[in-house]
Amino acid sequence: MGTVTRELTELTVVGEDDTGLIASVTSLLFERGINIEDLDQAVRDGLFRMTMHVDTSEMVCTEAKLREDIDDLADDLGVEIKVRFPKDRETQSIAVLVTKESHCLEAIFESWASGDLGADIDVVIGNHPDLQPLAEKYDVPFHDIGDEKGTPDEGELLELLAEYDSDLIVLARYMRILSPEVVFRYESQIINVHPSLLPSFPGASAYMQAIEEGVRIAGVTAHYVTTDLDQGPIITQRAFNVPDDATEEELRQIGQPLEAEALLEAISLHLDQAVSVHRGRTKLREDSEDVQLGAPEVLAEENPDRPIDGLGEFVADDEDIEADD
């Protein structure tokens, strides 16, 4: 299993937006000798969220006392505040959300069983009970939060996510749109895999959209989930050729193994803290190795390398070539 490498303590604050929230929390930390290294806050539809990474190595109180003081502050402010110290968990953990398709969950379980996942699987949560036997095979708790039509109870979902407090939430072909109430609380902690080369063909029936548009190359995308459907920062992608007269089911059979591969790569990058998000785009850490963000390297070898602007002696220099509109 992968060991958690971060040395900073993480605080998350969620509640109704009100004046003075940030000042109240930062003042408490300052009084206890805690240095704030990073702070991200936002408000969406009246809901306030703040994530802080702080250095508690020289604080002037015990961890137990800090938790007690923060709990008291949370009660006073009417918000939820969670504290996670670096040593709270020896290994990282994930919660997996599923519907009926099994291939991504199978790949995650197989990676876990082989010791390659880099995290524990805390729980599997479904809006249908179909994949409960698969979870039971690996002795992982399964919770069905859907009604007879598969409509999930998001109140129950939030309770489960709070209970298990996993480091990462993975949507393994979870065929429901998460509400802003869920997504906003777990910003940059939810990864989804979508069966298209986003931003093309977002939403439902992506493979059929590809067929209807007549594309020759289709693919899959693993991305962070945001409140904008299928528009979150892209982490990994895989591509494949679309056969002539292909059916939706044939594309699904081609794409499913790539969905699992792209999702596992994205999970690994997140758990290793190898990617960061800046202005809506992911950036790979410079020392990251053996990473496949897109198509295999062999594809680059097949691409032609000529012609290129400016190589011919009768062609204008680069500075004379006007930029495209």
# chains A, B, ... in the order shown; residues from 1 in each chain; ligands from 1
call {"tool": "closest_atom_pairs", "arguments": {"of": "region 5-116 of chain A", "to": "region 147-169 of chain A", "cutoff": "12 Å", "atoms": "only C-alpha atoms", "output": "tab-separated table"}}
result
residue	atom	partner	partner_atom	distance
A:Glu10	CA	A:Asp167	CA	11.1
A:Thr12	CA	A:Asp165	CA	11.6
A:Val14	CA	A:Ala162	CA	11.9
A:Glu80	CA	A:Ala162	CA	10.5
A:Ile81	CA	A:Ala162	CA	11.4
A:Lys82	CA	A:Asp165	CA	9.6
A:Val83	CA	A:Asp165	CA	10.9
A:Arg84	CA	A:Asp165	CA	9.8
A:Pro86	CA	A:Asp167	CA	12.0
A:Asp88	CA	A:Asp165	CA	11.3
A:Arg89	CA	A:Asp167	CA	9.9
A:Glu90	CA	A:Asp167	CA	11.8
A:Thr91	CA	A:Asp167	CA	9.6
A:Gln92	CA	A:Asp167	CA	6.0
A:Ser93	CA	A:Ser166	CA	5.2
A:Ile94	CA	A:Leu168	CA	4.7
A:Ala95	CA	A:Ile169	CA	4.9
A:Val96	CA	A:Ile169	CA	5.9
A:Leu97	CA	A:Ile169	CA	7.4
A:Val98	CA	A:Ile169	CA	11.0
A:Thr99	CA	A:Gly150	CA	8.3
A:Lys100	CA	A:Gly150	CA	10.2
call {"tool": "residues_around", "arguments": {"residues": "Val60 (chain A)", "least_positions_apart": "6", "cutoff": "10 Å", "atoms": "only C-alpha atoms", "output": "short mmCIF file (atom, residue, chain, number, x, y, z; two decimals) with N, CA, C and O atoms, in the first residue's frame"}}
result
data_model
loop_
_atom_site.label_atom_id
_atom_site.label_comp_id
_atom_site.auth_asym_id
_atom_site.auth_seq_id
_atom_site.Cartn_x
_atom_site.Cartn_y
_atom_site.Cartn_z
N GLU A 31 -3.32 31.83 17.20
CA GLU A 31 -3.12 31.85 18.65
C GLU A 31 -2.45 30.59 19.16
O GLU A 31 -1.88 30.60 20.26
N ARG A 32 -2.47 29.53 18.40
CA ARG A 32 -1.86 28.28 18.83
C ARG A 32 -0.55 27.99 18.10
O ARG A 32 -0.06 26.88 18.11
N GLY A 33 -0.02 28.99 17.44
CA GLY A 33 1.28 28.86 16.79
C GLY A 33 1.28 28.00 15.55
O GLY A 33 2.29 27.37 15.22
N ILE A 34 0.16 27.97 14.85
CA ILE A 34 0.01 27.14 13.66
C ILE A 34 0.12 28.02 12.42
O ILE A 34 -0.61 29.01 12.29
N LEU A 66 -6.26 20.78 20.29
CA LEU A 66 -6.64 21.48 19.06
C LEU A 66 -7.97 20.96 18.53
O LEU A 66 -8.83 21.75 18.14
#
call {"tool": "residues_around", "arguments": {"residues": "Leu117 (chain A)", "least_positions_apart": "2", "cutoff": "8 Å", "atoms": "only C-alpha atoms", "output": "compact mmCIF listing (two decimals) with N, CA and C atoms, in the first residue's frame"}}
result
# COMPACT_ATOMS: atom_id res chain seq x y z
N MET A 1 0.82 -1.19 0.00
CA MET A 1 0.00 0.00 0.00
C MET A 1 0.86 1.25 0.00
N GLY A 2 0.40 2.29 -0.63
CA GLY A 2 1.14 3.55 -0.68
C GLY A 2 1.02 4.30 0.62
N ILE A 108 -10.32 -1.84 -10.14
CA ILE A 108 -9.87 -1.24 -8.89
C ILE A 108 -9.61 -2.32 -7.85
N SER A 111 -6.43 -4.26 -8.75
CA SER A 111 -5.24 -3.47 -8.44
C SER A 111 -4.98 -3.46 -6.93
N TRP A 112 -6.04 -3.38 -6.16
CA TRP A 112 -5.92 -3.41 -4.69
C TRP A 112 -5.40 -4.76 -4.22
N SER A 114 -3.61 -6.88 -5.76
CA SER A 114 -2.22 -7.11 -6.16
C SER A 114 -1.24 -6.19 -5.44
N GLY A 115 -1.77 -5.23 -4.65
CA GLY A 115 -0.91 -4.29 -3.93
C GLY A 115 -0.46 -3.12 -4.75
N ALA A 119 -3.70 2.39 -2.08
CA ALA A 119 -4.70 2.86 -1.12
C ALA A 119 -5.57 1.68 -0.70
N ASP A 120 -6.29 1.85 0.39
CA ASP A 120 -7.31 0.88 0.80
C ASP A 120 -8.65 1.29 0.22
N LEU A 264 -7.65 4.09 -13.43
CA LEU A 264 -6.60 3.64 -12.52
C LEU A 264 -5.38 4.56 -12.57
N SER A 268 -3.95 6.77 -9.38
CA SER A 268 -2.55 6.70 -8.97
C SER A 268 -1.92 8.08 -8.93
call {"tool": "atom_distance", "arguments": {"atom1": "CA of Asp116 (chain A)", "atom2": "CA of Thr282 (chain A)"}}
result
23.1 Å
call {"tool": "closest_atom_pairs", "arguments": {"of": "region 232-287 of chain A", "to": "region 183-192 of chain A", "cutoff": "12 Å", "atoms": "only C-alpha atoms", "output": "Markdown table"}}
result
| residue | atom | partner | partner_atom | distance |
| --- | --- | --- | --- | --- |
| A:Gly232 | CA | A:Ile191 | CA | 9.1 |
| A:Pro233 | CA | A:Ser188 | CA | 9.2 |
| A:Ile234 | CA | A:Ile191 | CA | 9.6 |
| A:Ile235 | CA | A:Ile191 | CA | 9.0 |
| A:Thr236 | CA | A:Asn192 | CA | 10.7 |
| A:Gln237 | CA | A:Asn192 | CA | 11.8 |
| A:Glu259 | CA | A:Asn192 | CA | 9.9 |
| A:Ala260 | CA | A:Asn192 | CA | 10.7 |
| A:Ala262 | CA | A:Asn192 | CA | 10.0 |
| A:Leu263 | CA | A:Asn192 | CA | 7.4 |
| A:Leu264 | CA | A:Ile191 | CA | 10.2 |
| A:Glu265 | CA | A:Ile191 | CA | 11.0 |
| A:Ala266 | CA | A:Ile191 | CA | 7.7 |
| A:Ile267 | CA | A:Ile191 | CA | 7.5 |
| A:Ser268 | CA | A:Ile191 | CA | 11.1 |
| A:Leu269 | CA | A:Ile191 | CA | 11.0 |
| A:His270 | CA | A:Gln189 | CA | 8.7 |
| A:Leu271 | CA | A:Gln189 | CA | 10.2 |
| A:Gln273 | CA | A:Gln189 | CA | 11.6 |
| A:Val275 | CA | A:Ser188 | CA | 10.9 |
| A:Ser276 | CA | A:Ser188 | CA | 9.3 |
| A:Val277 | CA | A:Ser188 | CA | 8.2 |
| A:His278 | CA | A:Ser188 | CA | 11.2 |
| A:Gly280 | CA | A:Ser188 | CA | 10.7 |
| A:Arg281 | CA | A:Ser188 | CA | 11.7 |
| A:Thr282 | CA | A:Ser188 | CA | 10.8 |
call {"tool": "residues_around", "arguments": {"residues": "Glu250 (chain A)", "least_positions_apart": "5", "cutoff": "12 Å", "atoms": "only C-alpha atoms", "output": "list in words"}}
result
Tyr207, Met208, Ile211, Asn241, Val242, Pro243, Asp244, Asp245, Gly255 and Gln256 of chain A
call {"tool": "select_by_dssp", "arguments": {"residues": "region 192-293 of chain A", "states": "strand (DSSP E)", "output": "list in words"}}
result
Asn192, Val193, His194, Ile217, Ala218, Gly219, Val220, Thr221, Ala222, His223, Tyr224, Ile234, Ile235, Thr236, Gln237, Arg238, Ala239, Phe240, Asn241, Val275, Ser276, Val277, His278, Arg281, Thr282, Lys283 and Leu284 of chain A
